[in-house]
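Visitor: Structure supplied as structure_26.cif; contents: mmCIF, N, CA and C atoms.
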data_protein
loop_
_atom_site.label_atom_id
_atom_site.label_comp_id
_atom_site.auth_asym_id
_atom_site.auth_seq_id
_atom_site.Cartn_x
_atom_site.Cartn_y
_atom_site.Cartn_z
N MET B 26 28.73 -48.80 -0.10
CA MET B 26 29.44 -47.69 0.50
C MET B 26 28.63 -47.17 1.69
N ALA B 27 29.32 -46.89 2.77
CA ALA B 27 28.65 -46.43 3.99
C ALA B 27 28.05 -45.05 3.79
N ALA B 28 26.96 -44.83 4.48
CA ALA B 28 26.26 -43.55 4.42
C ALA B 28 27.04 -42.47 5.17
N THR B 29 26.79 -41.23 4.79
CA THR B 29 27.32 -40.08 5.52
C THR B 29 26.30 -39.76 6.61
N VAL B 30 26.76 -39.78 7.86
CA VAL B 30 25.87 -39.54 8.99
C VAL B 30 26.36 -38.32 9.76
N GLU B 31 25.43 -37.40 10.00
CA GLU B 31 25.72 -36.21 10.79
C GLU B 31 24.70 -36.14 11.92
N ILE B 32 25.17 -35.70 13.09
CA ILE B 32 24.27 -35.58 14.23
C ILE B 32 24.55 -34.27 14.95
N TYR B 33 23.51 -33.45 15.04
CA TYR B 33 23.59 -32.20 15.78
C TYR B 33 23.28 -32.50 17.24
N THR B 34 24.14 -32.03 18.15
CA THR B 34 24.01 -32.36 19.57
C THR B 34 24.21 -31.13 20.44
N LYS B 35 23.93 -31.30 21.73
CA LYS B 35 24.24 -30.32 22.76
C LYS B 35 24.91 -31.04 23.92
N PHE B 36 25.71 -30.32 24.67
CA PHE B 36 26.38 -30.86 25.83
C PHE B 36 25.36 -31.37 26.85
N ALA B 37 25.64 -32.53 27.43
CA ALA B 37 24.83 -33.13 28.50
C ALA B 37 23.40 -33.46 28.07
N CYS B 38 23.18 -33.70 26.81
CA CYS B 38 21.85 -34.07 26.30
C CYS B 38 21.73 -35.60 26.33
N PRO B 39 20.85 -36.14 27.19
CA PRO B 39 20.74 -37.60 27.28
C PRO B 39 20.22 -38.25 25.98
N PHE B 40 19.38 -37.54 25.25
CA PHE B 40 18.88 -38.09 23.99
C PHE B 40 19.98 -38.16 22.95
N CYS B 41 20.89 -37.18 22.99
CA CYS B 41 22.05 -37.19 22.09
C CYS B 41 22.94 -38.39 22.40
N VAL B 42 23.17 -38.63 23.69
CA VAL B 42 24.00 -39.76 24.11
C VAL B 42 23.38 -41.07 23.63
N THR B 43 22.08 -41.20 23.78
CA THR B 43 21.38 -42.42 23.35
C THR B 43 21.50 -42.63 21.85
N ALA B 44 21.31 -41.57 21.08
CA ALA B 44 21.40 -41.68 19.62
C ALA B 44 22.82 -42.03 19.19
N LYS B 45 23.81 -41.37 19.78
CA LYS B 45 25.21 -41.67 19.43
C LYS B 45 25.57 -43.10 19.81
N ARG B 46 25.07 -43.57 20.94
CA ARG B 46 25.35 -44.94 21.36
C ARG B 46 24.79 -45.94 20.34
N LEU B 47 23.57 -45.72 19.87
CA LEU B 47 22.99 -46.62 18.89
C LEU B 47 23.81 -46.61 17.60
N LEU B 48 24.20 -45.44 17.15
CA LEU B 48 25.02 -45.37 15.94
C LEU B 48 26.35 -46.09 16.14
N GLN B 49 26.95 -45.93 17.31
CA GLN B 49 28.21 -46.61 17.59
C GLN B 49 28.02 -48.12 17.63
N GLU B 50 26.94 -48.59 18.24
CA GLU B 50 26.64 -50.02 18.28
C GLU B 50 26.48 -50.59 16.88
N LYS B 51 25.97 -49.77 15.97
CA LYS B 51 25.79 -50.20 14.58
C LYS B 51 27.09 -50.10 13.78
N GLY B 52 28.13 -49.56 14.39
CA GLY B 52 29.41 -49.42 13.70
C GLY B 52 29.42 -48.26 12.72
N ALA B 53 28.48 -47.35 12.86
CA ALA B 53 28.39 -46.21 11.93
C ALA B 53 29.35 -45.12 12.34
N GLU B 54 30.07 -44.60 11.38
CA GLU B 54 30.88 -43.41 11.62
C GLU B 54 29.98 -42.21 11.41
N PHE B 55 30.16 -41.19 12.25
CA PHE B 55 29.32 -40.01 12.13
C PHE B 55 30.11 -38.77 12.50
N THR B 56 29.62 -37.66 11.99
CA THR B 56 30.17 -36.36 12.33
C THR B 56 29.24 -35.72 13.34
N GLU B 57 29.80 -35.37 14.50
CA GLU B 57 29.01 -34.71 15.53
C GLU B 57 29.20 -33.20 15.42
N ILE B 58 28.08 -32.48 15.41
CA ILE B 58 28.10 -31.03 15.32
C ILE B 58 27.45 -30.50 16.59
N ASP B 59 28.27 -29.97 17.49
CA ASP B 59 27.80 -29.49 18.79
C ASP B 59 27.28 -28.06 18.66
N VAL B 60 26.01 -27.87 18.98
CA VAL B 60 25.39 -26.55 18.85
C VAL B 60 25.21 -25.87 20.21
N THR B 61 25.81 -26.42 21.26
CA THR B 61 25.60 -25.92 22.62
C THR B 61 25.80 -24.41 22.72
N LEU B 62 26.93 -23.93 22.30
CA LEU B 62 27.25 -22.50 22.42
C LEU B 62 27.52 -21.86 21.07
N ASP B 63 27.01 -22.47 20.01
CA ASP B 63 27.33 -22.01 18.66
C ASP B 63 26.04 -21.66 17.90
N ALA B 64 25.68 -20.40 17.94
CA ALA B 64 24.45 -19.94 17.29
C ALA B 64 24.49 -20.17 15.78
N ASP B 65 25.67 -20.07 15.18
CA ASP B 65 25.78 -20.29 13.74
C ASP B 65 25.47 -21.74 13.39
N LYS B 66 26.01 -22.67 14.19
CA LYS B 66 25.74 -24.10 13.93
C LYS B 66 24.28 -24.43 14.20
N ARG B 67 23.69 -23.79 15.21
CA ARG B 67 22.26 -24.01 15.48
C ARG B 67 21.44 -23.49 14.30
N GLY B 68 21.81 -22.34 13.77
CA GLY B 68 21.13 -21.81 12.60
C GLY B 68 21.28 -22.72 11.40
N GLU B 69 22.47 -23.29 11.24
CA GLU B 69 22.70 -24.26 10.16
C GLU B 69 21.77 -25.45 10.32
N MET B 70 21.64 -25.95 11.56
CA MET B 70 20.76 -27.10 11.82
C MET B 70 19.32 -26.77 11.43
N VAL B 71 18.84 -25.60 11.84
CA VAL B 71 17.45 -25.22 11.55
C VAL B 71 17.25 -25.04 10.05
N ALA B 72 18.26 -24.54 9.36
CA ALA B 72 18.17 -24.38 7.90
C ALA B 72 18.10 -25.74 7.21
N ARG B 73 18.84 -26.69 7.73
CA ARG B 73 18.87 -28.03 7.12
C ARG B 73 17.67 -28.88 7.52
N VAL B 74 17.15 -28.64 8.71
CA VAL B 74 16.01 -29.40 9.22
C VAL B 74 14.95 -28.39 9.66
N PRO B 75 14.18 -27.87 8.70
CA PRO B 75 13.18 -26.85 9.02
C PRO B 75 12.26 -27.30 10.16
N GLY B 76 12.07 -26.41 11.12
CA GLY B 76 11.22 -26.73 12.25
C GLY B 76 11.95 -27.40 13.40
N ALA B 77 13.22 -27.72 13.20
CA ALA B 77 13.99 -28.38 14.27
C ALA B 77 14.17 -27.43 15.44
N ARG B 78 13.74 -27.88 16.60
CA ARG B 78 13.87 -27.07 17.80
C ARG B 78 14.68 -27.80 18.87
N THR B 79 14.80 -29.10 18.71
CA THR B 79 15.47 -29.91 19.72
C THR B 79 16.62 -30.68 19.10
N VAL B 80 17.47 -31.18 19.96
CA VAL B 80 18.55 -32.08 19.54
C VAL B 80 18.34 -33.42 20.22
N PRO B 81 18.86 -34.47 19.64
CA PRO B 81 19.67 -34.47 18.44
C PRO B 81 18.81 -34.33 17.18
N GLN B 82 19.46 -33.90 16.13
CA GLN B 82 18.90 -33.97 14.78
C GLN B 82 19.88 -34.80 13.98
N ILE B 83 19.38 -35.87 13.38
CA ILE B 83 20.23 -36.83 12.69
C ILE B 83 19.94 -36.76 11.19
N ILE B 84 21.02 -36.68 10.43
CA ILE B 84 20.92 -36.61 8.97
C ILE B 84 21.74 -37.75 8.40
N ILE B 85 21.10 -38.58 7.59
CA ILE B 85 21.77 -39.72 6.96
C ILE B 85 21.70 -39.53 5.45
N ASP B 86 22.86 -39.44 4.83
CA ASP B 86 22.95 -39.20 3.38
C ASP B 86 22.07 -38.03 2.94
N GLY B 87 22.11 -36.95 3.72
CA GLY B 87 21.38 -35.75 3.36
C GLY B 87 19.91 -35.75 3.70
N VAL B 88 19.41 -36.85 4.29
CA VAL B 88 18.00 -36.96 4.65
C VAL B 88 17.85 -36.82 6.16
N ALA B 89 17.07 -35.83 6.58
CA ALA B 89 16.82 -35.64 8.00
C ALA B 89 15.89 -36.75 8.48
N VAL B 90 16.37 -37.55 9.44
CA VAL B 90 15.56 -38.66 9.94
C VAL B 90 14.92 -38.35 11.28
N GLY B 91 15.28 -37.21 11.89
CA GLY B 91 14.66 -36.83 13.14
C GLY B 91 15.62 -36.96 14.30
N GLY B 92 15.05 -37.28 15.46
CA GLY B 92 15.83 -37.35 16.68
C GLY B 92 16.08 -38.76 17.15
N SER B 93 16.37 -38.89 18.43
CA SER B 93 16.73 -40.17 19.03
C SER B 93 15.61 -41.20 18.90
N ASP B 94 14.38 -40.78 19.21
CA ASP B 94 13.25 -41.71 19.11
C ASP B 94 13.01 -42.16 17.68
N ASP B 95 13.21 -41.24 16.74
CA ASP B 95 13.03 -41.58 15.32
C ASP B 95 14.09 -42.58 14.87
N LEU B 96 15.32 -42.37 15.34
CA LEU B 96 16.41 -43.29 15.00
C LEU B 96 16.10 -44.68 15.56
N ARG B 97 15.63 -44.74 16.80
CA ARG B 97 15.26 -46.03 17.42
C ARG B 97 14.12 -46.68 16.66
N ALA B 98 13.14 -45.89 16.20
CA ALA B 98 12.02 -46.44 15.43
C ALA B 98 12.50 -47.06 14.12
N LEU B 99 13.48 -46.41 13.46
CA LEU B 99 14.05 -46.98 12.24
C LEU B 99 14.72 -48.31 12.54
N GLU B 100 15.45 -48.37 13.64
CA GLU B 100 16.10 -49.61 14.04
C GLU B 100 15.07 -50.69 14.34
N ASP B 101 14.04 -50.35 15.10
CA ASP B 101 13.00 -51.32 15.46
C ASP B 101 12.24 -51.83 14.25
N ALA B 102 12.12 -50.99 13.23
CA ALA B 102 11.42 -51.37 11.99
C ALA B 102 12.33 -52.12 11.02
N GLY B 103 13.62 -52.28 11.38
CA GLY B 103 14.54 -52.99 10.51
C GLY B 103 15.02 -52.17 9.32
N LYS B 104 14.92 -50.85 9.39
CA LYS B 104 15.28 -50.00 8.26
C LYS B 104 16.62 -49.29 8.43
N LEU B 105 17.14 -49.25 9.65
CA LEU B 105 18.33 -48.45 9.91
C LEU B 105 19.58 -49.01 9.23
N ASP B 106 19.75 -50.32 9.24
CA ASP B 106 20.95 -50.92 8.64
C ASP B 106 21.09 -50.54 7.17
N ALA B 107 19.99 -50.62 6.43
CA ALA B 107 20.03 -50.27 5.00
C ALA B 107 20.38 -48.81 4.80
N MET B 108 19.87 -47.96 5.69
CA MET B 108 20.19 -46.53 5.58
C MET B 108 21.68 -46.30 5.86
N LEU B 109 22.19 -46.97 6.87
CA LEU B 109 23.59 -46.76 7.26
C LEU B 109 24.58 -47.34 6.27
N ASP B 110 24.19 -48.40 5.58
CA ASP B 110 25.14 -48.95 4.59
C ASP B 110 24.94 -48.36 3.21
N GLY B 111 24.03 -47.37 3.12
CA GLY B 111 23.84 -46.64 1.88
C GLY B 111 23.00 -47.35 0.84
N SER B 112 22.29 -48.42 1.24
CA SER B 112 21.51 -49.18 0.27
C SER B 112 20.01 -48.95 0.38
N ALA B 113 19.59 -48.01 1.23
CA ALA B 113 18.17 -47.80 1.46
C ALA B 113 17.43 -47.33 0.21
N GLY B 114 18.07 -46.54 -0.62
CA GLY B 114 17.40 -46.01 -1.80
C GLY B 114 17.57 -46.86 -3.03
N GLN B 115 18.14 -48.04 -2.88
CA GLN B 115 18.39 -48.88 -4.06
C GLN B 115 17.38 -49.98 -4.20
#
Any chance you could put this one into structure tokens?

Guide:
Amino acid sequence: MAATVEIYTKFACPFCVTAKRLLQEKGAEFTEIDVTLDADKRGEMVARVPGARTVPQIIIDGVAVGGSDDLRALEDAGKLDAMLDGSAGQ
């Protein structure tokens, strides 16, 4: 079963675009949560990812994996596919 993927973003954020592109290339469906002008959503992001100050913030199956560089590092390490198909913890 595919993982639940959420990504907190802001308008015109190049790192957000890069992260979404990688997820799209992997065929992952994701929910984008735009915090550009939404203080409540930004607060939600900080509550879910303590210490988060920048976007994107990517959450896969409830686990905060970090930002664009962290997502790329998971891909480069060969770990992203397992996370996205929901088999990483098995």

Visitor: Mind pulling up the distance from atom N of Asp63 of chain B to atom C of Asp94 of chain B?

Guide: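 Separating atom C of Asp94 of chain B from atom N of Asp63 of chain B is a distance of 24.3 Å.
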
Visitor: Can you list, as number ranges by chain, every residue of chain B that DSSP puts in strand (DSSP E)?

Guide: B: 30-34, 56-59, 82-85, 88-91

Visitor: Write the selection just made, keeping N, CA and C atoms, as a PDB file, keeping the file's coordinate frame?

Guide:
ATOM      1  N   VAL B  30      26.760 -39.780   7.860  1.00  0.00           N
ATOM      2  CA  VAL B  30      25.870 -39.540   8.990  1.00  0.00           C
ATOM      3  C   VAL B  30      26.360 -38.320   9.760  1.00  0.00           C
ATOM      4  N   GLU B  31      25.430 -37.400  10.000  1.00  0.00           N
ATOM      5  CA  GLU B  31      25.720 -36.210  10.790  1.00  0.00           C
ATOM      6  C   GLU B  31      24.700 -36.140  11.920  1.00  0.00           C
ATOM      7  N   ILE B  32      25.170 -35.700  13.090  1.00  0.00           N
ATOM      8  CA  ILE B  32      24.270 -35.580  14.230  1.00  0.00           C
ATOM      9  C   ILE B  32      24.550 -34.270  14.950  1.00  0.00           C
ATOM     10  N   TYR B  33      23.510 -33.450  15.040  1.00  0.00           N
ATOM     11  CA  TYR B  33      23.590 -32.200  15.780  1.00  0.00           C
ATOM     12  C   TYR B  33      23.280 -32.500  17.240  1.00  0.00           C
ATOM     13  N   THR B  34      24.140 -32.030  18.150  1.00  0.00           N
ATOM     14  CA  THR B  34      24.010 -32.360  19.570  1.00  0.00           C
ATOM     15  C   THR B  34      24.210 -31.130  20.440  1.00  0.00           C
ATOM     16  N   THR B  56      29.620 -37.660  11.990  1.00  0.00           N
ATOM     17  CA  THR B  56      30.170 -36.360  12.330  1.00  0.00           C
ATOM     18  C   THR B  56      29.240 -35.720  13.340  1.00  0.00           C
ATOM     19  N   GLU B  57      29.800 -35.370  14.500  1.00  0.00           N
ATOM     20  CA  GLU B  57      29.010 -34.710  15.530  1.00  0.00           C
ATOM     21  C   GLU B  57      29.200 -33.200  15.420  1.00  0.00           C
ATOM     22  N   ILE B  58      28.080 -32.480  15.410  1.00  0.00           N
ATOM     23  CA  ILE B  58      28.100 -31.030  15.320  1.00  0.00           C
ATOM     24  C   ILE B  58      27.450 -30.500  16.590  1.00  0.00           C
ATOM     25  N   ASP B  59      28.270 -29.970  17.490  1.00  0.00           N
ATOM     26  CA  ASP B  59      27.800 -29.490  18.790  1.00  0.00           C
ATOM     27  C   ASP B  59      27.280 -28.060  18.660  1.00  0.00           C
ATOM     28  N   GLN B  82      19.460 -33.900  16.130  1.00  0.00           N
ATOM     29  CA  GLN B  82      18.900 -33.970  14.780  1.00  0.00           C
ATOM     30  C   GLN B  82      19.880 -34.800  13.980  1.00  0.00           C
ATOM     31  N   ILE B  83      19.380 -35.870  13.380  1.00  0.00           N
ATOM     32  CA  ILE B  83      20.230 -36.830  12.690  1.00  0.00           C
ATOM     33  C   ILE B  83      19.940 -36.760  11.190  1.00  0.00           C
ATOM     34  N   ILE B  84      21.020 -36.680  10.430  1.00  0.00           N
ATOM     35  CA  ILE B  84      20.920 -36.610   8.970  1.00  0.00           C
ATOM     36  C   ILE B  84      21.740 -37.750   8.400  1.00  0.00           C
ATOM     37  N   ILE B  85      21.100 -38.580   7.590  1.00  0.00           N
ATOM     38  CA  ILE B  85      21.770 -39.720   6.960  1.00  0.00           C
ATOM     39  C   ILE B  85      21.700 -39.530   5.450  1.00  0.00           C
ATOM     40  N   VAL B  88      19.410 -36.850   4.290  1.00  0.00           N
ATOM     41  CA  VAL B  88      18.000 -36.960   4.650  1.00  0.00           C
ATOM     42  C   VAL B  88      17.850 -36.820   6.160  1.00  0.00           C
ATOM     43  N   ALA B  89      17.070 -35.830   6.580  1.00  0.00           N
ATOM     44  CA  ALA B  89      16.820 -35.640   8.000  1.00  0.00           C
ATOM     45  C   ALA B  89      15.890 -36.750   8.480  1.00  0.00           C
ATOM     46  N   VAL B  90      16.370 -37.550   9.440  1.00  0.00           N
ATOM     47  CA  VAL B  90      15.560 -38.660   9.940  1.00  0.00           C
ATOM     48  C   VAL B  90      14.920 -38.350  11.280  1.00  0.00           C
ATOM     49  N   GLY B  91      15.280 -37.210  11.890  1.00  0.00           N
ATOM     50  CA  GLY B  91      14.660 -36.830  13.140  1.00  0.00           C
ATOM     51  C   GLY B  91      15.620 -36.960  14.300  1.00  0.00           C
TER      52      GLY B  91
END

Visitor: With all atoms listed in the file counted, which protein, DNA or RNA residues have an atom no more than 8 Å from (18.0, -26.3, 19.9) in the file frame? Please answer as a PDB file with N, CA and C atoms, in the frame of the given file.

Guide:
ATOM      1  N   THR B  34      24.140 -32.030  18.150  1.00  0.00           N
ATOM      2  CA  THR B  34      24.010 -32.360  19.570  1.00  0.00           C
ATOM      3  C   THR B  34      24.210 -31.130  20.440  1.00  0.00           C
ATOM      4  N   LYS B  35      23.930 -31.300  21.730  1.00  0.00           N
ATOM      5  CA  LYS B  35      24.240 -30.320  22.760  1.00  0.00           C
ATOM      6  C   LYS B  35      24.910 -31.040  23.920  1.00  0.00           C
ATOM      7  N   VAL B  60      26.010 -27.870  18.980  1.00  0.00           N
ATOM      8  CA  VAL B  60      25.390 -26.550  18.850  1.00  0.00           C
ATOM      9  C   VAL B  60      25.210 -25.870  20.210  1.00  0.00           C
ATOM     10  N   THR B  61      25.810 -26.420  21.260  1.00  0.00           N
ATOM     11  CA  THR B  61      25.600 -25.920  22.620  1.00  0.00           C
ATOM     12  C   THR B  61      25.800 -24.410  22.720  1.00  0.00           C
ATOM     13  N   ARG B  67      23.690 -23.790  15.210  1.00  0.00           N
ATOM     14  CA  ARG B  67      22.260 -24.010  15.480  1.00  0.00           C
ATOM     15  C   ARG B  67      21.440 -23.490  14.300  1.00  0.00           C
ATOM     16  N   ALA B  77      13.220 -27.720  13.200  1.00  0.00           N
ATOM     17  CA  ALA B  77      13.990 -28.380  14.270  1.00  0.00           C
ATOM     18  C   ALA B  77      14.170 -27.430  15.440  1.00  0.00           C
ATOM     19  N   ARG B  78      13.740 -27.880  16.600  1.00  0.00           N
ATOM     20  CA  ARG B  78      13.870 -27.070  17.800  1.00  0.00           C
ATOM     21  C   ARG B  78      14.680 -27.800  18.870  1.00  0.00           C
ATOM     22  N   THR B  79      14.800 -29.100  18.710  1.00  0.00           N
ATOM     23  CA  THR B  79      15.470 -29.910  19.720  1.00  0.00           C
ATOM     24  C   THR B  79      16.620 -30.680  19.100  1.00  0.00           C
ATOM     25  N   VAL B  80      17.470 -31.180  19.960  1.00  0.00           N
ATOM     26  CA  VAL B  80      18.550 -32.080  19.540  1.00  0.00           C
ATOM     27  C   VAL B  80      18.340 -33.420  20.220  1.00  0.00           C
TER      28      VAL B  80
END

Visitor: Using the chain letters and numbering of this document, enumerate as a list in words the residues selected by the PyMOL selection byres ((chain B and resi 93) around 7).

Guide: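 Applied to this file, the PyMOL selection byres ((chain B and resi 93) around 7) returns Phe40, Cys41, Thr43, Ala44, Val80, Pro81, Gln82, Ile83, Gly91, Gly92, Asp94, Asp95, Leu96, Arg97 and Ala98 of chain B.
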
Visitor: Using all atoms listed in the file, which residue out of B:Ala89, B:Ala64, B:Met70, B:Ile58 lies closest to Ile32 of chain B?

Guide: B:Ile58

Visitor: Using the chain letters and numbers from the file, give me the residues hit by the PyMOL selection byres ((chain B and resi 109) around 8), as a list in words.

Guide: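 With the PyMOL selection byres ((chain B and resi 109) around 8) on this model, the match is Met26, Ala27, Ala28, Thr29, Val30, Ala53, Glu54, Ile85, Asp86, Lys104, Leu105, Asp106, Ala107, Met108, Asp110, Gly111, Ser112 and Ala113 of chain B.
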
Visitor: Using DSSP on the backbone, list every residue of chain B that comes out as alpha helix (DSSP H), and give them as a ChimeraX atom specification.

Guide: /B:39-50,64-73,93-101,105-109

Visitor: Do you have the atom CA of Glu31 of chain B-atom CA of Gly87 of chain B distance handy?

Guide: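 Atom CA of Gly87 of chain B lies at a distance of 8.6 Å from atom CA of Glu31 of chain B.
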